[in-house]
$ cat run05.cif   # mmCIF, C-alpha atoms
data_model
#
loop_
_atom_site.label_atom_id
_atom_site.label_comp_id
_atom_site.auth_asym_id
_atom_site.auth_seq_id
_atom_site.Cartn_x
_atom_site.Cartn_y
_atom_site.Cartn_z
CA MET A 229 27.86 150.76 179.75
CA LYS A 230 29.67 150.35 183.06
CA VAL A 231 32.79 148.25 183.63
CA SER A 232 34.26 146.89 186.83
CA HIS A 233 37.92 147.58 186.03
CA TYR A 234 39.70 145.73 188.80
CA PHE A 235 43.42 145.56 189.56
CA GLU A 236 44.05 143.17 192.44
CA PHE A 237 47.02 144.17 194.65
CA GLU A 238 46.86 147.63 193.08
CA ASP A 239 48.56 149.23 196.08
CA ARG A 240 51.51 146.80 195.89
CA VAL A 241 52.23 145.99 192.25
CA THR A 242 54.42 148.43 190.32
CA GLY A 243 56.18 148.44 186.96
CA GLY A 244 54.69 147.64 183.59
CA ILE A 245 51.44 146.08 184.85
CA LYS A 246 50.59 149.13 186.91
CA GLU A 247 51.49 151.42 184.01
CA SER A 248 49.25 149.40 181.68
CA VAL A 249 46.31 149.77 184.06
CA VAL A 250 46.87 153.53 184.20
CA HIS A 251 46.86 153.59 180.40
CA GLN A 252 43.69 151.51 180.18
CA ARG A 253 41.80 153.82 182.50
CA LYS A 254 42.92 156.86 180.53
CA MET A 255 41.62 155.17 177.39
CA LEU A 256 38.27 154.38 179.04
CA ASP A 257 38.04 158.04 179.99
CA ARG A 258 38.76 159.03 176.38
CA GLU A 259 35.95 156.78 175.19
CA GLY A 260 33.52 157.99 177.84
CA ILE A 261 33.17 154.49 179.29
CA ALA A 262 32.03 154.55 182.92
CA TYR A 263 33.97 152.28 185.25
CA THR A 264 34.63 151.52 188.88
CA THR A 265 37.96 150.28 190.21
CA GLU A 266 36.18 148.11 192.77
CA PRO A 267 35.39 144.45 192.06
CA THR A 268 31.65 144.24 191.59
CA LEU A 269 29.13 142.18 189.69
CA ASP A 270 26.85 145.22 189.40
CA ALA A 271 28.41 146.07 186.05
CA ASP A 272 28.06 145.18 182.38
CA ALA A 273 31.53 143.59 182.31
CA PHE A 274 34.11 142.47 184.85
CA HIS A 275 37.65 143.29 183.68
CA CYS A 276 40.52 142.01 185.82
CA ASN A 277 44.18 142.89 185.33
CA LEU A 278 45.78 140.40 187.69
CA MET A 279 44.28 136.97 188.28
CA GLY A 280 44.82 136.75 192.01
CA PRO A 281 42.49 134.75 194.27
CA ARG A 282 39.99 137.58 194.69
CA SER A 283 39.81 138.16 190.93
CA VAL A 284 39.24 134.44 190.38
CA TRP A 285 36.47 134.46 192.99
CA TYR A 286 34.66 137.32 191.26
CA ALA A 287 35.27 135.88 187.79
CA LYS A 288 33.57 132.61 188.75
CA ARG A 289 30.55 134.41 190.13
CA ALA A 290 30.38 136.81 187.20
CA ARG A 291 30.14 133.87 184.83
CA ASP A 292 27.36 132.35 186.97
CA ARG A 293 25.43 135.63 186.65
CA GLY A 294 26.07 136.07 182.94
CA VAL A 295 28.39 139.05 183.38
CA PRO A 296 31.15 138.90 180.71
CA VAL A 297 34.64 138.44 182.12
CA VAL A 298 37.68 140.09 180.52
CA ALA A 299 41.16 139.20 181.76
CA HIS A 300 44.46 140.81 180.85
CA THR A 301 47.28 138.31 180.30
CA HIS A 302 50.04 140.46 181.79
CA VAL A 303 51.48 137.52 183.70
CA THR A 304 52.88 134.29 182.26
CA ALA A 305 55.19 131.70 183.76
CA GLU A 306 57.63 132.51 180.97
CA ASP A 307 58.17 136.13 182.07
CA PHE A 308 57.75 135.51 185.79
CA GLY A 309 61.13 133.84 186.32
CA ASP A 310 64.36 135.78 186.92
CA SER A 311 62.35 138.73 188.23
CA PHE A 312 62.40 138.97 192.01
CA ARG A 313 63.37 136.75 194.91
CA PHE A 314 61.51 133.40 194.86
CA THR A 315 59.90 134.01 191.44
CA ASN A 316 61.87 131.17 189.82
CA ALA A 317 60.51 128.71 192.38
CA LEU A 318 56.97 129.96 191.81
CA ALA A 319 57.09 129.97 187.99
CA ARG A 320 56.41 126.23 187.60
CA PRO A 321 53.20 126.02 189.70
CA LEU A 322 52.11 129.37 188.28
CA ARG A 323 51.43 127.93 184.84
CA PRO A 324 48.64 125.48 185.79
CA TYR A 325 47.14 128.12 188.09
CA LEU A 326 47.03 130.67 185.26
CA SER A 327 45.63 128.08 182.86
CA ARG A 328 42.64 127.64 185.15
CA ALA A 329 42.33 131.34 185.94
CA TYR A 330 42.53 132.57 182.34
CA GLY A 331 40.10 129.80 181.39
CA LEU A 332 37.40 131.65 183.35
CA ALA A 333 37.43 134.61 180.96
CA ASP A 334 35.06 135.21 178.08
CA ALA A 335 37.83 137.24 176.44
CA LEU A 336 41.54 137.54 177.08
CA VAL A 337 43.39 140.76 176.27
CA CYS A 338 46.99 140.13 175.17
CA PRO A 339 49.40 143.07 174.87
CA SER A 340 51.18 141.63 171.82
CA GLU A 341 50.99 138.91 169.20
CA TYR A 342 53.87 137.17 170.92
CA ASN A 343 51.96 137.12 174.23
CA ARG A 344 48.91 135.76 172.41
CA GLY A 345 50.99 132.87 171.08
CA VAL A 346 52.19 132.06 174.59
CA ILE A 347 48.67 132.23 176.03
CA GLU A 348 47.34 129.82 173.41
CA GLY A 349 49.42 127.20 175.22
CA TYR A 350 47.50 127.94 178.44
CA THR A 351 43.86 128.00 177.37
CA ASP A 352 41.60 128.04 174.32
CA ARG A 353 39.63 131.11 175.43
CA PRO A 354 39.18 133.84 172.77
CA THR A 355 42.04 136.33 172.63
CA THR A 356 42.28 139.92 171.44
CA VAL A 357 45.57 141.78 171.00
CA ILE A 358 45.48 145.33 172.37
CA SER A 359 48.78 147.04 173.01
CA ASN A 360 49.51 148.51 176.43
CA GLY A 361 50.09 151.70 174.49
CA VAL A 362 52.27 154.69 175.25
CA ASP A 363 51.15 157.83 177.05
CA ARG A 364 52.64 160.61 174.94
CA GLU A 365 51.38 163.28 177.34
CA LYS A 366 53.41 161.72 180.16
CA LEU A 367 56.63 162.43 178.25
CA ALA A 368 55.76 165.98 177.22
CA GLY A 369 58.62 168.40 177.84
CA PHE A 370 61.17 165.72 178.73
CA GLU A 371 63.92 167.55 176.83
CA SER A 372 63.96 170.36 179.39
CA LEU A 373 65.31 167.96 182.04
CA GLU A 374 68.45 166.93 180.16
CA ASP A 375 70.98 169.15 181.94
CA GLU A 376 69.51 168.45 185.38
CA TYR A 377 69.58 164.67 185.04
CA ARG A 378 72.95 164.48 183.31
CA GLU A 379 74.46 166.53 186.11
CA ARG A 380 72.65 164.60 188.84
CA TYR A 381 74.08 161.25 187.69
CA ASP A 382 77.28 162.56 186.07
CA LEU A 383 76.40 161.28 182.59
CA ASP A 384 78.13 162.32 179.37
CA PRO A 385 76.56 161.80 175.94
CA PRO A 386 76.00 159.54 174.22
CA THR A 387 74.61 157.78 177.31
CA VAL A 388 73.33 154.21 177.08
CA PHE A 389 70.29 153.74 179.29
CA LEU A 390 67.39 151.54 180.36
CA VAL A 391 64.21 152.29 182.30
CA GLY A 392 62.32 149.94 184.61
CA HIS A 393 62.71 147.52 187.50
CA VAL A 394 66.27 146.22 187.75
CA ILE A 395 65.74 142.48 187.28
CA LYS A 396 67.81 139.74 185.73
CA ARG A 397 65.21 138.78 183.12
CA LYS A 398 65.51 142.18 181.48
CA GLY A 399 69.12 141.46 180.57
CA LEU A 400 70.85 142.81 183.66
CA GLU A 401 73.97 140.70 183.19
CA THR A 402 74.30 141.75 179.56
CA PHE A 403 73.78 145.42 180.43
CA VAL A 404 76.51 145.29 183.08
CA GLU A 405 78.98 143.36 180.93
CA VAL A 406 78.48 145.61 177.90
CA ALA A 407 79.22 148.57 180.18
CA ARG A 408 82.35 146.77 181.34
CA ALA A 409 83.39 146.21 177.71
CA LEU A 410 82.94 149.93 176.90
CA PRO A 411 84.60 151.76 179.82
CA ASP A 412 84.59 155.09 177.99
CA VAL A 413 80.77 155.10 177.64
CA ASP A 414 78.33 156.01 180.43
CA PHE A 415 75.55 153.52 181.19
CA ALA A 416 72.55 154.28 183.41
CA TRP A 417 69.65 152.09 184.49
CA PHE A 418 66.78 154.21 185.81
CA GLY A 419 64.43 152.24 188.03
CA PRO A 420 63.55 150.96 191.51
CA LEU A 421 66.47 149.34 193.29
CA ASP A 422 65.22 147.57 196.42
CA LEU A 423 67.89 144.92 196.91
CA SER A 424 65.79 143.19 199.59
CA LEU A 425 63.50 142.01 196.76
CA LYS A 426 66.31 140.86 194.48
CA GLY A 427 67.85 137.43 194.22
CA ARG A 428 71.47 136.83 195.19
CA GLU A 429 72.67 136.82 191.57
CA THR A 430 70.95 140.13 190.80
CA THR A 431 72.48 141.76 193.87
CA ARG A 432 75.93 140.45 192.90
CA LEU A 433 75.64 141.89 189.39
CA ILE A 434 74.55 145.31 190.64
CA GLU A 435 77.20 145.55 193.38
CA GLY A 436 79.93 144.29 191.05
CA SER A 437 79.11 146.59 188.13
CA PRO A 438 81.87 148.85 186.73
CA ASP A 439 82.26 152.53 187.58
CA ASN A 440 80.69 153.65 184.30
CA CYS A 441 77.46 151.75 185.07
CA THR A 442 75.02 153.71 187.25
CA PHE A 443 71.90 152.31 188.90
CA THR A 444 69.89 155.38 189.84
CA GLY A 445 67.13 153.77 191.85
CA PHE A 446 63.66 155.31 191.71
CA VAL A 447 63.54 158.67 189.93
CA ASP A 448 60.92 161.25 190.82
CA ASP A 449 60.30 162.19 187.18
CA VAL A 450 60.83 159.42 184.63
CA ARG A 451 61.04 162.03 181.89
CA GLY A 452 64.52 162.76 183.19
CA ALA A 453 65.65 159.29 182.13
CA PHE A 454 64.59 159.89 178.54
CA ALA A 455 66.19 163.33 178.65
CA ALA A 456 69.58 162.08 179.88
CA GLY A 457 69.70 158.91 177.76
CA ASP A 458 70.69 158.66 174.11
CA VAL A 459 70.73 154.93 173.28
CA PHE A 460 68.05 152.70 174.81
CA LEU A 461 69.68 149.32 175.38
CA PHE A 462 67.05 146.61 176.01
CA PRO A 463 68.68 143.16 176.12
CA THR A 464 65.64 141.55 177.78
CA HIS A 465 65.29 137.79 177.47
CA GLU A 466 61.49 137.68 177.77
CA GLU A 467 58.90 140.44 177.42
CA ASN A 468 55.17 140.57 176.83
CA GLU A 469 55.52 143.94 175.09
CA GLY A 470 57.70 146.54 176.83
CA ILE A 471 56.11 149.89 177.70
CA ALA A 472 59.50 151.49 178.43
CA LEU A 473 60.61 150.56 174.91
CA LEU A 474 57.55 152.28 173.43
CA GLU A 475 58.31 155.33 175.56
CA ALA A 476 61.93 155.43 174.37
CA MET A 477 60.73 155.24 170.77
CA THR A 478 58.19 158.01 171.38
CA ALA A 479 61.02 160.14 172.78
CA GLY A 480 62.91 159.59 169.52
CA LYS A 481 65.70 157.54 171.04
CA ALA A 482 67.74 155.01 169.09
CA VAL A 483 67.00 151.57 170.51
CA VAL A 484 68.97 148.33 170.65
CA VAL A 485 67.02 145.17 171.39
CA ARG A 486 67.69 141.48 171.65
CA ASP A 487 66.38 139.72 168.55
CA ILE A 488 63.54 137.81 170.19
CA GLU A 489 60.04 137.03 168.93
CA THR A 490 58.43 139.77 171.04
CA PHE A 491 60.15 142.38 168.90
CA SER A 492 59.44 140.80 165.51
CA TRP A 493 57.37 143.88 164.58
CA LEU A 494 60.48 146.07 164.71
CA ASP A 495 62.67 146.43 161.60
CA ASP A 496 66.40 146.02 162.15
CA GLY A 497 68.32 148.95 160.70
CA GLU A 498 65.16 151.02 160.21
CA ASP A 499 63.64 151.75 163.62
CA CYS A 500 66.08 149.84 165.84
CA LEU A 501 69.20 147.70 165.89
CA LYS A 502 68.60 144.05 166.69
CA VAL A 503 71.25 141.85 168.24
CA ASP A 504 71.21 138.09 167.71
CA PRO A 505 74.13 136.67 169.75
CA ALA A 506 73.82 133.39 167.85
CA ASP A 507 75.21 135.17 164.80
CA GLY A 508 78.54 135.74 166.58
CA ASP A 509 81.73 133.82 165.89
CA SER A 510 81.47 131.98 169.21
CA GLY A 511 78.05 130.52 168.53
CA GLY A 512 76.08 132.66 170.93
CA ASP A 513 78.05 132.20 174.17
CA ALA A 514 78.22 134.94 176.80
CA GLY A 515 81.34 136.51 175.30
CA SER A 516 79.94 136.81 171.80
CA GLU A 517 76.67 138.17 173.18
CA VAL A 518 78.45 140.98 174.98
CA ALA A 519 80.59 141.68 171.92
CA ALA A 520 77.53 141.83 169.66
CA PHE A 521 75.69 144.29 171.90
CA ALA A 522 78.84 146.35 172.39
CA ASP A 523 79.26 146.55 168.61
CA ALA A 524 75.69 147.84 168.23
CA VAL A 525 76.33 150.50 170.88
CA ARG A 526 79.55 151.52 169.14
CA ARG A 527 77.67 151.91 165.84
CA LEU A 528 75.31 154.31 167.56
CA GLU A 529 78.11 156.64 168.52
CA ASP A 530 77.41 157.98 165.03
CA PRO A 531 74.96 160.87 165.65
CA ALA A 532 73.51 160.60 162.15
CA LEU A 533 72.57 156.95 162.69
CA ARG A 534 71.11 157.73 166.11
CA GLU A 535 69.03 160.51 164.60
CA ARG A 536 67.74 158.37 161.73
CA LEU A 537 66.79 155.38 163.89
CA GLY A 538 65.30 157.61 166.59
CA SER A 539 63.21 159.55 164.09
CA ASN A 540 61.89 156.35 162.51
CA ALA A 541 61.17 154.90 165.95
CA ALA A 542 59.17 157.98 166.93
CA ALA A 543 57.09 157.72 163.77
CA ARG A 544 56.50 154.01 164.36
CA SER A 545 55.39 154.65 167.95
CA GLU A 546 52.47 156.85 166.86
CA ALA A 547 50.39 153.73 166.18
CA PHE A 548 50.70 152.89 169.90
CA SER A 549 49.38 156.18 171.27
CA LEU A 550 46.44 155.96 173.67
CA ASP A 551 44.29 157.91 171.23
CA ALA A 552 45.01 155.35 168.50
CA ILE A 553 44.14 152.39 170.69
CA ALA A 554 41.28 153.55 172.93
CA ALA A 555 38.43 152.58 170.58
CA GLU A 556 39.57 148.95 170.69
CA TYR A 557 38.32 148.69 174.27
CA ARG A 558 34.87 149.99 173.34
CA SER A 559 34.70 147.46 170.51
CA LEU A 560 35.71 144.63 172.83
CA TYR A 561 33.16 145.48 175.53
CA GLU A 562 30.34 146.06 173.06
CA ARG A 563 31.06 142.73 171.39
CA LEU A 564 30.86 140.89 174.71
CA ILE A 565 27.89 142.76 176.14
#

$ encode --input "run05.cif" --output "structure tokens"
Amino acid sequence: MKVSHYFEFEDRVTGGIKESVVHQRKMLDREGIAYTTEPTLDADAFHCNLMGPRSVWYAKRARDRGVPVVAHTHVTAEDFGDSFRFTNALARPLRPYLSRAYGLADALVCPSEYNRGVIEGYTDRPTTVISNGVDREKLAGFESLEDEYRERYDLDPPTVFLVGHVIKRKGLETFVEVARALPDVDFAWFGPLDLSLKGRETTRLIEGSPDNCTFTGFVDDVRGAFAAGDVFLFPTHEENEGIALLEAMTAGKAVVVRDIETFSWLDDGEDCLKVDPADGDSGGDAGSEVAAFADAVRRLEDPALRERLGSNAAARSEAFSLDAIAAEYRSLYERLI
């Protein structure tokens, strides 16, 4: 078996999609599945991770030749908006484009049940849910970096943190305003900070954030983020899965998430705290949302609660390890071939 495992724009795309591709290739290696990263029809299956024009071109010709096409549904119009400059304008025409592009696949790989539900509104092609997974080896030894990263960014425990691209969709405004509401708590967002790619509103939120809210920019060793952070605050509005969340859980961190469908598999009060702003006294307006998240953070000042939730989260994350998931790719390819 040989797979053409293609990632269009591989040298330009970063973040969760790139991380997922890295994970997939590690899993193919674990399963002993031969693959090339070049787009080619001289393979038993053509697997594309981003349905750009070149991927679409090869997918059409693969189908003509009887080569099974697998497409990852990393991108949807729903999670494309409020990301980078111009993405809101592109989100509307993106949906019909993706409907046609995903419709070329013999099998679609969705990173979560939530993503599968969204994709069913795009096309009727067969779907398989395979998590992006979490690379436990990548986080090995993160604890040893705690002192270095706390000192580097002047962070005192318990530190509230987030990891990933700084974009509005991931709850940037909420993160900043919760930090403003809790001036005695340190907040840190670890992730690339190229303001030239951000929209005006994102730039305003970053530049107007309070003194206790640090945006680190790119960090040379992401393990340092999980070493310096204590409470993983993830108020994202839309997410296909969330690799950084799985990493935080693997690191045994207490997590706070927005109560959205993507995170329906998590158990509030057991392996996380969920915040539903609509439950607030003000009917879910911005003020009650900030108050609800701030209350969850305050609850996690209790070290015993942090320890219990973090321990449960770490146990839950074991099902998402690359070793636990890898065989699902072999099953998928063998079924198609």

$ residues_near_point --input "run05.cif" --point "(77.4, 144.8, 190.4)" --cutoff "12 Å" --atoms "all atoms listed in the file" --output "PyMOL selection string"
chain A and resi 394+396+400-405+407-408+423+428-443

$ residues_around --input "run05.cif" --residues "stretch 247-261 of chain A" --least-positions-apart "2" --cutoff "8 Å" --atoms "only C-alpha atoms" --output "MDAnalysis selection string"
chainID A and resid 229:231 235 242:245 263 277 360:363 471 550:551 553:555 557:558

$ resolve_selection --input "run05.cif" --expression "the PyMOL selection byres ((chain A and resi 382) around 12)" --output "ChimeraX atom specification"
/A:374-381,383-385,387,413-416,439-444,456-457

$ residues_around --input "run05.cif" --residues "A:His233" --least-positions-apart "6" --cutoff "8 Å" --atoms "all atoms listed in the file" --output "number ranges by chain"
A: 263-267, 274-277

$ write_last_selection --input "run05.cif" --atoms "C-alpha atoms" --output "mmCIF file, keeping the file's coordinate frame"
data_model
loop_
_atom_site.group_PDB
_atom_site.id
_atom_site.type_symbol
_atom_site.label_atom_id
_atom_site.label_comp_id
_atom_site.auth_asym_id
_atom_site.auth_seq_id
_atom_site.Cartn_x
_atom_site.Cartn_y
_atom_site.Cartn_z
ATOM 1 C CA TYR A 263 33.970 152.280 185.250
ATOM 2 C CA THR A 264 34.630 151.520 188.880
ATOM 3 C CA THR A 265 37.960 150.280 190.210
ATOM 4 C CA GLU A 266 36.180 148.110 192.770
ATOM 5 C CA PRO A 267 35.390 144.450 192.060
ATOM 6 C CA PHE A 274 34.110 142.470 184.850
ATOM 7 C CA HIS A 275 37.650 143.290 183.680
ATOM 8 C CA CYS A 276 40.520 142.010 185.820
ATOM 9 C CA ASN A 277 44.180 142.890 185.330
#

$ residues_around --input "run05.cif" --residues "A:Lys481" --least-positions-apart "5" --cutoff "6 Å" --atoms "only C-alpha atoms" --output "PyMOL selection string"
chain A and resi 458+476+538

$ atom_distance --input "run05.cif" --atom1 "atom CA of A:Val346" --atom2 "atom CA of A:Trp493"
16.3 Å

$ atom_distance --input "run05.cif" --atom1 "atom CA of A:Leu367" --atom2 "atom CA of A:Gly452"
9.3 Å

$ resolve_selection --input "run05.cif" --expression "the PyMOL selection byres ((chain A and resi 500) around 12)" --output "PyMOL selection string"
chain A and resi 459-462+473-474+476-477+480-487+491-499+501-503+524-525+527-528+533-542+544-545

$ closest_residue --input "run05.cif" --among "A:Asp422, A:Glu348, A:Glu466, A:Asp412" --to "A:Lys398" --atoms "all atoms listed in the file"
A:Glu466

$ resolve_selection --input "run05.cif" --expression "the PyMOL selection byres ((chain A and resi 293) around 12)" --output "list in words"
Thr268, Leu269, Asp270, Ala271, Asp272, Ala273, Phe274, Tyr286, Ala287, Lys288, Arg289, Ala290, Arg291, Asp292, Gly294, Val295, Pro296 and Val297 of chain A

$ write_last_selection --input "run05.cif" --atoms "C-alpha atoms" --output "mmCIF file, keeping the file's coordinate frame"
data_model
loop_
_atom_site.group_PDB
_atom_site.id
_atom_site.type_symbol
_atom_site.label_atom_id
_atom_site.label_comp_id
_atom_site.auth_asym_id
_atom_site.auth_seq_id
_atom_site.Cartn_x
_atom_site.Cartn_y
_atom_site.Cartn_z
ATOM 1 C CA THR A 268 31.650 144.240 191.590
ATOM 2 C CA LEU A 269 29.130 142.180 189.690
ATOM 3 C CA ASP A 270 26.850 145.220 189.400
ATOM 4 C CA ALA A 271 28.410 146.070 186.050
ATOM 5 C CA ASP A 272 28.060 145.180 182.380
ATOM 6 C CA ALA A 273 31.530 143.590 182.310
ATOM 7 C CA PHE A 274 34.110 142.470 184.850
ATOM 8 C CA TYR A 286 34.660 137.320 191.260
ATOM 9 C CA ALA A 287 35.270 135.880 187.790
ATOM 10 C CA LYS A 288 33.570 132.610 188.750
ATOM 11 C CA ARG A 289 30.550 134.410 190.130
ATOM 12 C CA ALA A 290 30.380 136.810 187.200
ATOM 13 C CA ARG A 291 30.140 133.870 184.830
ATOM 14 C CA ASP A 292 27.360 132.350 186.970
ATOM 15 C CA GLY A 294 26.070 136.070 182.940
ATOM 16 C CA VAL A 295 28.390 139.050 183.380
ATOM 17 C CA PRO A 296 31.150 138.900 180.710
ATOM 18 C CA VAL A 297 34.640 138.440 182.120
#

$ atom_distance --input "run05.cif" --atom1 "atom CA of A:Arg344" --atom2 "atom CA of A:Leu390"
25.6 Å

$ residues_around --input "run05.cif" --residues "A:His300" --least-positions-apart "5" --cutoff "9 Å" --atoms "only C-alpha atoms" --output "list in words"
His275, Cys276, Asn277, Leu278, Met279, Tyr330, Ala335, Leu336, Val337, Cys338 and Pro339 of chain A
